[in-house]
Amino acid sequence: MTSPHSLADWLALLESRHPLAIELGLDRVAAVAGRLGLERPAPRVITVAGTNGKGSCVALLEALLLRAGVRVGAYTSPHLLAYNERVRIAGQPATDAALCAAFARIEAARGDIRLTYFEVGTLAALMLFAAAGCEVAVLEVGLGGRLDAVNIVAPDVAVITSIDLDHQAWLGDDRDRIGVEKAGIARPDVPTVCGDPAPPTAMLAALARIGSPVLALGSEQFRLRRTAVGLDLDCTARDGTARRYAALPLPQLPAASAACAVQALITLGLPPTADAVAATFAETRLPGRFQQADWAGCRLLLDVAHNPAAAALLAQRLSAEGGAEGAVAAVVGALADKDLPGLVAPLLPLVEHWYCCDLPGVARAASAARLAEVLYNAGGGASCHADPVAGLAAARRAARDGKPILVFGSFHTVAPILALLADDAEADGGDVR
């Protein structure tokens, strides 16, 4: 086979080759990793799983390690604007050339073994981290944990940020089953940091069977408390030494994910300084996580929330900022395999009108008509639009009284709006806030 010439060509090939976007299991990807000698991407590895908040945890871990002068590789998914976002080395996205070279090596090594798009991407990340001499690799699980491609690498610390219902067709339809799947990233005698406020009993039992000691947020060893002057975070090292971070600023990303990042580094033997934690909490942001922007005279709120738990957190944040009944207009697009009634329910009281979007080119997308049907049955007023940009344009035309426009429901919904903002900023010579 002649190798594709560009990253876009490679990605198109990988997307088209495998009949299933998701095929859980480690045998195939582990076999190819063995052929390539990819046993270890870095001397120390942190693996992060969770229903929500794992991307935020990876970003905070990466930021803390960069502040400490550690050469870190961060692997995350999905991306918003460019595939290169998934593989970062020393804070910089991998280049097209590096990714293409990695894909070519994987193609030569796989023989007749079929690999999914995500599996090839995971192997490429491991290869590039090793080649770059990364001191720590931070690996985000794509789906579940036990059978996810990332799990071919044994971590030195495992993190589980949260457990909620999502991807039920693959992981199970209750928190216990989902928690057991996520516990699969743990290893004997390797600590697991858990940010869920009420870890499922079955997950804790699975971790006990594995032999992984658990540091659960809310325990005496690992606590986060709101005070009059900020947050106090209590953590514990592997030797039992306590460490307190007092009067921290509220993080820009979910507080539980931020706490997990700090505890994970302490467990790894790389405790961050108080100043580094305070600065990282205050400054670290991620695109599409309650991101605010101004566009065409409107205030936009962009959030990739795509399951009921994430939507509930989004509703809480909107309410905390003074959101009242009918406070926002909402542009929404989502995947068909999501709990659509559960996704919109937390936001129903806050949304004046829903602009439901098709997601062109996304095979798993729910149609705008299906979303509008769900909202009609829930008592919400909705209209249908060809894509997120068209939905935003319609919301903008109807905007009044400075009402913000919320864009949410999927990475695939937020990404086109981020691209629109970037194009407009470039045309104006400015920045997207």
# chains A, B, ... in the order shown; residues from 1 in each chain; ligands from 1
>>> residues_around(residues="Leu406 (chain A)", least_positions_apart="4", cutoff="12 Å", atoms="only C-alpha atoms", output="ChimeraX atom specification")
/A:288-294,298-305,311,314-315,318,323,326-333,347,350-356,388,391-392,395-396,399,413-414,417
>>> closest_residue(among="A:Ile185, A:Ile163, A:Leu253, A:Ala102", to="Thr51 (chain A)", atoms="only C-alpha atoms")
A:Ile163
>>> select_by_dssp(residues="region 267-378 of chain A", states="strand (DSSP E)", output="PyMOL selection string")
chain A and resi 291-295+298-303+328-332+351-357
>>> select_by_dssp(residues="region 19-56 of chain A", states="alpha helix (DSSP H)", output="PDB file with C-alpha atoms, in the first residue's frame")
ATOM      1  CA  ASP A  27      -5.610  -8.314  22.164  1.00  0.00           C
ATOM      2  CA  ARG A  28      -5.272  -6.645  18.764  1.00  0.00           C
ATOM      3  CA  VAL A  29      -3.752  -3.355  19.894  1.00  0.00           C
ATOM      4  CA  ALA A  30      -1.455  -5.100  22.401  1.00  0.00           C
ATOM      5  CA  ALA A  31      -0.140  -7.398  19.673  1.00  0.00           C
ATOM      6  CA  VAL A  32       0.817  -4.475  17.450  1.00  0.00           C
ATOM      7  CA  ALA A  33       2.292  -2.579  20.401  1.00  0.00           C
ATOM      8  CA  GLY A  34       4.472  -5.614  21.090  1.00  0.00           C
ATOM      9  CA  ARG A  35       5.728  -5.680  17.510  1.00  0.00           C
ATOM     10  CA  LEU A  36       6.632  -2.003  17.819  1.00  0.00           C
ATOM     11  CA  LYS A  54     -11.247  13.337  32.740  1.00  0.00           C
ATOM     12  CA  GLY A  55     -10.184  15.767  30.000  1.00  0.00           C
ATOM     13  CA  SER A  56     -10.078  18.531  32.600  1.00  0.00           C
TER      14      SER A  56
END
>>> residues_around(residues="Thr280 (chain A)", least_positions_apart="4", cutoff="12 Å", atoms="only C-alpha atoms", output="PyMOL selection string")
chain A and resi 56-57+59-68+248-253+255+258-259+261-262+272-276+284-285
>>> residues_around(residues="Ala158 (chain A)", least_positions_apart="2", cutoff="6 Å", atoms="only C-alpha atoms", output="number ranges by chain")
A: 46-47, 186, 192
>>> write_last_selection(atoms="N, CA and C atoms", output="JSON list (two decimals), in the first residue's frame")
[["chain", "number", "residue", "atom", "x", "y", "z"],
["A", 46, "ILE", "N", 0.44, 8.18, 34.25],
["A", 46, "ILE", "CA", -0.83, 8.39, 34.94],
["A", 46, "ILE", "C", -1.94, 8.11, 33.93],
["A", 47, "THR", "N", -2.86, 7.21, 34.27],
["A", 47, "THR", "CA", -4.00, 6.92, 33.40],
["A", 47, "THR", "C", -5.25, 7.50, 34.04],
["A", 186, "ALA", "N", -6.92, -0.04, 36.97],
["A", 186, "ALA", "CA", -6.08, -0.16, 38.17],
["A", 186, "ALA", "C", -5.17, -1.38, 38.08],
["A", 192, "THR", "N", -5.20, 4.15, 43.31],
["A", 192, "THR", "CA", -6.24, 4.75, 42.48],
["A", 192, "THR", "C", -6.81, 5.96, 43.19]]
>>> residues_around(residues="Glu181 (chain A)", least_positions_apart="6", cutoff="6 Å", atoms="only C-alpha atoms", output="compact mmCIF listing (two decimals) with C-alpha atoms, in the first residue's frame")
# COMPACT_ATOMS: atom_id res chain seq x y z
CA GLY A 144 -14.66 2.73 29.82
CA GLY A 145 -11.27 1.57 31.00
CA ARG A 146 -10.77 -2.18 31.27
>>> residues_around(residues="region 103-113 of chain A", least_positions_apart="2", cutoff="8 Å", atoms="only C-alpha atoms", output="PyMOL selection string")
chain A and resi 3+10+28+32+35-36+99-101+115+120-121+123-124
>>> residues_around(residues="Gly53 (chain A)", least_positions_apart="6", cutoff="7 Å", atoms="only C-alpha atoms", output="ChimeraX atom specification")
/A:161,254,257
>>> write_last_selection(atoms="C-alpha atoms", output="PDB file, in the first residue's frame")
ATOM      1  CA  THR A 161     -12.800  11.255  38.057  1.00  0.00           C
ATOM      2  CA  PRO A 254     -14.345  21.056  37.713  1.00  0.00           C
ATOM      3  CA  SER A 257     -10.883  16.969  38.611  1.00  0.00           C
TER       4      SER A 257
END
>>> atom_distance(atom1="CA of Ala345 (chain A)", atom2="CA of Gln316 (chain A)")
12.5 Å
>>> closest_residue(among="A:Asp196, A:Glu373, A:Asp239, A:Asp9", to="Gly218 (chain A)", atoms="only C-alpha atoms")
A:Asp196
>>> atom_distance(atom1="CA of Leu268 (chain A)", atom2="CA of Glu135 (chain A)")
12.0 Å
>>> closest_atom_pairs(of="region 131-231 of chain A", to="region 76-96 of chain A", cutoff="12 Å", atoms="only C-alpha atoms", output="CSV")
residue,atom,partner,partner_atom,distance
A:Ala131,CA,A:Ile89,CA,10.4
A:Ala132,CA,A:Ile89,CA,7.5
A:Gly133,CA,A:Ile89,CA,9.5
A:Cys134,CA,A:Ile89,CA,7.5
A:Glu135,CA,A:Ala90,CA,9.9
A:Val136,CA,A:Ala90,CA,10.1
A:Ala137,CA,A:Ile89,CA,9.2
A:Val138,CA,A:Thr76,CA,8.5
A:Leu139,CA,A:Thr76,CA,6.6
A:Glu140,CA,A:Thr76,CA,5.1
A:Val141,CA,A:Thr76,CA,7.6
A:Gly142,CA,A:Ser77,CA,6.5
A:Leu143,CA,A:Ser77,CA,9.8
A:Val150,CA,A:Thr76,CA,10.3
>>> decode(residues="region 237-274 of chain A", atoms="N, CA and C atoms", output="CSV table (one decimal), in the first residue's frame")
chain,number,residue,atom,x,y,z
A,237,ALA,N,0.4,11.6,50.8
A,237,ALA,CA,1.4,10.9,50.0
A,237,ALA,C,1.4,9.4,50.3
A,238,ARG,N,2.1,8.6,49.5
A,238,ARG,CA,2.1,7.2,49.7
A,238,ARG,C,2.6,6.7,51.0
A,239,ASP,N,3.5,7.5,51.6
A,239,ASP,CA,4.1,7.1,52.9
A,239,ASP,C,3.2,7.6,54.1
A,240,GLY,N,2.0,8.2,53.7
A,240,GLY,CA,1.1,8.6,54.8
A,240,GLY,C,1.2,10.1,55.2
A,241,THR,N,2.2,10.7,54.6
A,241,THR,CA,2.4,12.1,55.0
A,241,THR,C,1.3,13.0,54.4
A,242,ALA,N,0.7,13.9,55.3
A,242,ALA,CA,-0.3,14.7,54.9
A,242,ALA,C,0.2,16.0,54.3
A,243,ARG,N,-0.5,16.6,53.3
A,243,ARG,CA,-0.1,17.8,52.7
A,243,ARG,C,-1.4,18.7,52.5
A,244,ARG,N,-1.4,19.9,52.9
A,244,ARG,CA,-2.5,20.8,52.8
A,244,ARG,C,-2.2,21.9,51.9
A,245,TYR,N,-3.1,22.3,51.0
A,245,TYR,CA,-3.1,23.5,50.2
A,245,TYR,C,-4.3,24.4,50.6
A,246,ALA,N,-4.0,25.5,51.2
A,246,ALA,CA,-5.0,26.3,51.8
A,246,ALA,C,-5.3,27.6,50.9
A,247,ALA,N,-6.5,28.0,51.0
A,247,ALA,CA,-7.0,29.3,50.4
A,247,ALA,C,-6.7,29.3,48.9
A,248,LEU,N,-7.0,28.2,48.2
A,248,LEU,CA,-6.8,28.1,46.8
A,248,LEU,C,-7.9,28.8,46.1
A,249,PRO,N,-7.6,29.4,44.9
A,249,PRO,CA,-8.7,30.0,44.1
A,249,PRO,C,-9.6,28.9,43.6
A,250,LEU,N,-10.9,29.2,43.3
A,250,LEU,CA,-11.8,28.3,42.6
A,250,LEU,C,-11.2,28.0,41.2
A,251,PRO,N,-11.1,26.7,40.9
A,251,PRO,CA,-10.5,26.4,39.6
A,251,PRO,C,-11.5,26.7,38.5
A,252,GLN,N,-11.0,27.0,37.3
A,252,GLN,CA,-11.8,27.3,36.1
A,252,GLN,C,-12.4,26.0,35.6
A,253,LEU,N,-11.9,24.8,35.9
A,253,LEU,CA,-12.4,23.5,35.5
A,253,LEU,C,-13.0,22.8,36.7
A,254,PRO,N,-13.7,21.7,36.6
A,254,PRO,CA,-14.3,21.1,37.7
A,254,PRO,C,-13.4,20.8,38.9
A,255,ALA,N,-13.9,21.2,40.1
A,255,ALA,CA,-13.1,21.2,41.3
A,255,ALA,C,-12.6,19.8,41.6
A,256,ALA,N,-13.4,18.8,41.4
A,256,ALA,CA,-13.0,17.4,41.7
A,256,ALA,C,-11.9,16.9,40.8
A,257,SER,N,-12.0,17.3,39.5
A,257,SER,CA,-10.9,17.0,38.6
A,257,SER,C,-9.6,17.7,39.0
A,258,ALA,N,-9.7,18.9,39.5
A,258,ALA,CA,-8.5,19.6,39.9
A,258,ALA,C,-7.9,19.0,41.1
A,259,ALA,N,-8.7,18.6,42.1
A,259,ALA,CA,-8.2,17.9,43.3
A,259,ALA,C,-7.6,16.6,42.9
A,260,CYS,N,-8.2,15.8,42.0
A,260,CYS,CA,-7.6,14.6,41.6
A,260,CYS,C,-6.2,14.8,41.0
A,261,ALA,N,-6.0,15.8,40.2
A,261,ALA,CA,-4.8,16.1,39.5
A,261,ALA,C,-3.7,16.3,40.6
A,262,VAL,N,-4.0,17.1,41.6
A,262,VAL,CA,-3.0,17.4,42.6
A,262,VAL,C,-2.6,16.1,43.4
A,263,GLN,N,-3.7,15.4,43.8
A,263,GLN,CA,-3.5,14.1,44.6
A,263,GLN,C,-2.7,13.1,43.8
A,264,ALA,N,-3.0,13.0,42.5
A,264,ALA,CA,-2.2,12.0,41.6
A,264,ALA,C,-0.8,12.4,41.6
A,265,LEU,N,-0.4,13.6,41.5
A,265,LEU,CA,1.0,14.0,41.4
A,265,LEU,C,1.7,13.8,42.8
A,266,ILE,N,1.0,14.0,43.8
A,266,ILE,CA,1.6,13.7,45.2
A,266,ILE,C,1.8,12.2,45.3
A,267,THR,N,0.9,11.4,44.8
A,267,THR,CA,1.0,10.0,44.9
A,267,THR,C,2.1,9.5,44.0
A,268,LEU,N,2.4,10.2,42.9
A,268,LEU,CA,3.4,9.8,42.0
A,268,LEU,C,4.8,10.2,42.5
A,269,GLY,N,4.8,11.0,43.6
A,269,GLY,CA,6.1,11.5,44.1
A,269,GLY,C,6.6,12.8,43.5
A,270,LEU,N,5.7,13.5,42.9
A,270,LEU,CA,6.0,14.8,42.3
A,270,LEU,C,5.0,15.9,42.9
A,271,PRO,N,5.1,16.1,44.2
A,271,PRO,CA,4.1,17.1,44.8
A,271,PRO,C,4.3,18.5,44.3
A,272,PRO,N,3.2,19.1,43.8
A,272,PRO,CA,3.4,20.5,43.3
A,272,PRO,C,3.4,21.5,44.4
A,273,THR,N,4.0,22.6,44.2
A,273,THR,CA,4.1,23.6,45.2
A,273,THR,C,2.7,24.3,45.4
A,274,ALA,N,2.6,25.0,46.5
A,274,ALA,CA,1.3,25.7,46.7
A,274,ALA,C,1.1,26.8,45.7
